[in-house]
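Chemist: Handing you this structure, nothing more for now.
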Amino acid sequence: MQKEKYSLISNNDLEDIQKWHDKKQSDWYNNQFHLAGYSGSTNDPNGLTYHKGKYYIFMQSCPFSIQHFNKSWALYTTTDFINYNYEGLTLIPSTKYDINGVFSGSARINENDEIEIYYTGNIKFNDVDRTAYTLKAFIDLKEKLVTKELLFEADLTKYTGHYRDPIVFEKNNQLYMLNGAQTKDLKAMLNVYKFNGSNWENFKDIKFDKADEQNAYMLECPNYFKLDGREYVFACLEQDAPLKDGSHYVKYREVEIDNDINFTYKTSLLKIDLGFDFYAPQVFSNTGERVIMLGWLGNSKSNPFPPELTTWSNQLTVPRDLFVKNNKLYQLPIKELDELRVNEIKGFENVYAYENGLTEISATDINNEFEILIKNEKNENIKISNIDNKFIIDRSETTFKDDENLPPLINLDDLNVQSIRILVDRSVMEIFINEGEHAVSVRFYINEHNKILTNLKNVKINQLKGYSYNWNNIIFKNQIKGQ
């Protein structure tokens with residue numbers, strides 16, 4: 001059923017999309033409280049914004065492939081982060097500016113109270129060479145309509161065609177746009193555009209890893225936000241290294257940005273998530289003092305494909321509240337997710353049985369070594385341990401193994417673990433250490449896992465439930481402004 005990589009998507013495909021969705025829903029590994037596309041592959045969260053009582057969560061969606069084909073935007077809306085309405089495929093390849101893929105971007109609420117989307121259109125000349133267009137789009141949920149407008153093409157005299165992921169923000173009543181870029185000499189660069197009232201103009205380049213060089217060949221998925229009066233910028237700095245050595249870590253810096261968009265760095269580059277399975281985070285652009293982040297629980301370097309995963313792959317993280325503590329960004333699952341708790345599970349001789357692959361593990365006042373084993377009836381397992389001052393996640397005994405895409409050992413050394421909270425879904429988990437000081441996103445594949453063995457004291461285990469979904473297998477009409 002997989003279509004050609006750059007084939008167009010139309011209503012004629014809805015029957016096939018439905019078949020893939022139905023197969024996904026019956027797969028054991030399909031996660032129950034992590035958002036993913038209706039079918040096919042999922043990657044970057046896009047266009048996160050709040051509008052008229054709803055949170056809008058767009059995401060990269062490749063509806064016909066478990067790989068990066070037919071790249072489009074899918075959309076979920078929610079009022080409470082528990083009950084979700086899948087609105088359908090919204091932005092799809094449809095013009096000469098995005099025919100080879102609707103890549104990532106952002107959204108804002110403009111002065112007319114409209115959702116204004118900015119994104120990258122990908123155009124490939126051949127297997128190597130490409131260009132990139134930056135477009136603006138408006139979405140009409142009632143009419144199921146997306147209207148697109150070309151803004152500018154990447155400057156191929158300064159950058160390669162790897163130029164993407166616009167983030168638009170306002171500072172001192174002026175609109176700016178951050179773009180991820182690769183220079184002609186194959187170096188990572190943060191590029192800034194400025195809106196002059198009628199057009200966008202290339203304003204300046206910024207070396208994001210200044211004084212903390214990462215030897216990165218590409219910068220992508222930047223994000224800017226303010227929290228507690230401080231300014232922060234995320235970026236994904238790709239390096240030519242194996243996944244286990246940090247090719248795709250996401251890092252952030254606290255910055256001060258003046259009126260000329262000069263960056264003064266207040267910190268070095270810091271990891272926002274310590275796992276190998278985290279990428280392309282975005283925050284909601286307009287939730288005021290509250291900053292909510294979603295990331296891709298995966299990355300483009302890692303593509304594990306268990307034989308059961310024939311119609312879907314990848315997912316987003318749960319929404320996380322960001323806050324500042326000890327001059328660092330901390331993060332925890334948003335409070336709304338407490339509603340996923342069904343009941344507390346009582347154990348017998350340090351063994352806890354749960355159902356449906358969904359559980360939460362939490363412990364406080366940790367002052368000794370510990371192990372946590374999550375397993376199935378065949379004793380296939382993932383082990384989390386804190387022994388000899390080393391925090392280790394061991395995926396070497398799972399049902400499906402892939403040393404390249406799922407490095408079996410994640411060794412995080414001494415994190416001084418005093419508390420831990422783990423949200424476990426069917427094939428992913430998110431670990432939060434020391435009340436949000438550290439986060440670790442982890443993919444794992446254990447068929448029908450249902451037991452926890454642990455020697456942790458002061459431990460609490462909860463049975464969780466999944467999100468509630470209303471599904472709409474719809475493809476929005478896409479048109480160019482004025483046509």
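Lettering and numbering for the structure tokens are positional, with chains as A, B, ... in the shown order, residues counted from 1 in each chain, and ligands counted from 1 in the shown order.
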Which residues are near Gln60 of chain A? Cut-off 6 Å, only C-alpha atoms, ignore same chain within fewer than 2 positions. Put them as a list in words.
Modeler: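 Residues meeting the cut-off are Thr42, Asn43, Asp44, Ser72 and Trp73 of chain A.
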Chemist: Output N, CA, C and O atoms for every residue in that selection, as a short mmCIF file (atom, residue, chain, number, x, y, z; two decimals), in the first residue's frame.
Modeler:
```cif
data_model
loop_
_atom_site.label_atom_id
_atom_site.label_comp_id
_atom_site.auth_asym_id
_atom_site.auth_seq_id
_atom_site.Cartn_x
_atom_site.Cartn_y
_atom_site.Cartn_z
N THR A 42 5.05 9.41 12.27
CA THR A 42 4.89 10.70 12.94
C THR A 42 6.27 11.26 13.26
O THR A 42 7.18 10.51 13.60
N ASN A 43 6.44 12.59 13.14
CA ASN A 43 7.65 13.18 13.70
C ASN A 43 7.35 14.52 14.35
O ASN A 43 6.52 14.57 15.25
N ASP A 44 7.98 15.60 13.97
CA ASP A 44 7.99 16.85 14.74
C ASP A 44 6.60 17.35 15.12
O ASP A 44 5.70 17.42 14.28
N SER A 72 3.32 15.58 5.58
CA SER A 72 2.17 16.48 5.71
C SER A 72 2.05 16.90 7.17
O SER A 72 2.86 16.51 8.01
N TRP A 73 1.02 17.70 7.46
CA TRP A 73 0.69 18.06 8.84
C TRP A 73 -0.66 17.45 9.22
O TRP A 73 -1.66 17.69 8.54
#
```
Chemist: Find the residues near segment 356-366 of chain A: any atom within 6 Å, counting only C-alpha atoms, skip ones fewer than 3 places away on the same chain, and give them as a PyMOL selection string.
Modeler: chain A and resi 418-426+449-450+458-464
Chemist: Find the distance between atom CA of Ile272 of chain A and atom CA of Phe305 of chain A and write it in Å to one decimal.
Modeler: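 Between atom CA of Ile272 of chain A and atom CA of Phe305 of chain A the gap works out to 25.9 Å.
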Chemist: With 9 Å as the cut-off and only C-alpha atoms counted, what is the closest atom pair between each nearby residue of segment 5-94 of chain A and segment 99-116 of chain A? Distances in Å to one decimal, ordered by chain and number, as CSV.
Modeler:
```
residue,atom,partner,partner_atom,distance
A:Lys5,CA,A:Asn100,CA,8.3
A:Tyr6,CA,A:Asn100,CA,5.5
A:Ser7,CA,A:Asn100,CA,8.4
A:Leu8,CA,A:Ile99,CA,7.8
A:Asp44,CA,A:Ser104,CA,6.8
A:Pro45,CA,A:Ser104,CA,7.9
A:Asn46,CA,A:Gly105,CA,5.6
A:Gly47,CA,A:Ser106,CA,3.9
A:Leu48,CA,A:Ala107,CA,6.4
A:Thr49,CA,A:Ala107,CA,6.4
A:Tyr50,CA,A:Ile109,CA,8.3
A:His51,CA,A:Ile109,CA,7.5
A:Met59,CA,A:Ser104,CA,8.2
A:Gln60,CA,A:Ser104,CA,6.9
A:Phe69,CA,A:Gly101,CA,8.0
A:Asn70,CA,A:Gly101,CA,6.1
A:Lys71,CA,A:Gly101,CA,4.8
A:Ser72,CA,A:Val102,CA,5.1
A:Trp73,CA,A:Val102,CA,7.0
A:Leu91,CA,A:Val102,CA,6.9
A:Ile92,CA,A:Val102,CA,6.2
A:Pro93,CA,A:Ile99,CA,4.7
A:Ser94,CA,A:Ile99,CA,5.6
```
Chemist: When you count only C-alpha atoms, which of these residues is closest to Gly466 of chain A: A:Lys251, A:Lys158, A:Lys335, A:His34?
Modeler: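 Distance minimum relative to Gly466 of chain A lands on A:His34.
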Chemist: What lies within 9 Å of Gln315 of chain A using only C-alpha atoms, ignoring chain neighbours under 4 positions off, as a list in words?
Modeler: Asn31, His34, Leu35, Ala36, Gly37, Ser41, Thr42, Asn43, Asp44, Gly295, Trp296, Leu297, Gly298 and Val428 of chain A
Chemist: Between A:Ser65, A:Thr399, A:Asn326, A:Asn85, which residue has the minimum interatomic distance to Glu377 of chain A, considering only C-alpha atoms?
Modeler: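 Of the candidates, the smallest distance to Glu377 of chain A is held by A:Thr399.
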Chemist: Mind the document's chain letters and residue numbers, and return as a PyMOL selection string the residues of segment 192-305 of chain A that DSSP labels strand (DSSP E or B).
Modeler: chain A and resi 192-195+200-206+216-227+230-239+250-257+263-265+270-271+279-283+291-296+299+302
Chemist: Identify which of the residues A:Thr131, A:Lys328, A:Lys244, A:Trp20 lies closest to Leu409 of chain A, counting only C-alpha atoms when measuring atom-to-atom distances.
Modeler: A:Lys244
Chemist: Neighbours of Lys148 of chain A within 6 Å (only C-alpha atoms; same-chain residues fewer than 3 positions away dropped), as an mmCIF file with N, CA and C atoms, in the first residue's frame?
Modeler:
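So the final result, stored in around-v3.cif, reads:
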```
data_model
loop_
_atom_site.group_PDB
_atom_site.id
_atom_site.type_symbol
_atom_site.label_atom_id
_atom_site.label_comp_id
_atom_site.auth_asym_id
_atom_site.auth_seq_id
_atom_site.Cartn_x
_atom_site.Cartn_y
_atom_site.Cartn_z
ATOM 1 N N LYS A 136 3.401 30.914 4.295
ATOM 2 C CA LYS A 136 2.431 31.217 5.340
ATOM 3 C C LYS A 136 1.126 30.538 4.964
ATOM 4 N N ALA A 137 0.384 30.101 5.962
ATOM 5 C CA ALA A 137 -0.891 29.438 5.674
ATOM 6 C C ALA A 137 -1.921 29.811 6.725
ATOM 7 N N ILE A 480 -3.693 27.844 -3.055
ATOM 8 C CA ILE A 480 -2.828 29.018 -3.019
ATOM 9 C C ILE A 480 -3.699 30.264 -2.911
ATOM 10 N N LYS A 481 -3.290 31.235 -2.105
ATOM 11 C CA LYS A 481 -4.016 32.480 -1.942
ATOM 12 C C LYS A 481 -4.270 33.135 -3.293
#
```
Chemist: Counting only C-alpha atoms, which of A:Gly347, A:Pro281, A:Pro307, A:Gly275 gets nearest to Glu430 of chain A?
Modeler: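 Answer, going by the shortest atom-to-atom distance: A:Gly275.
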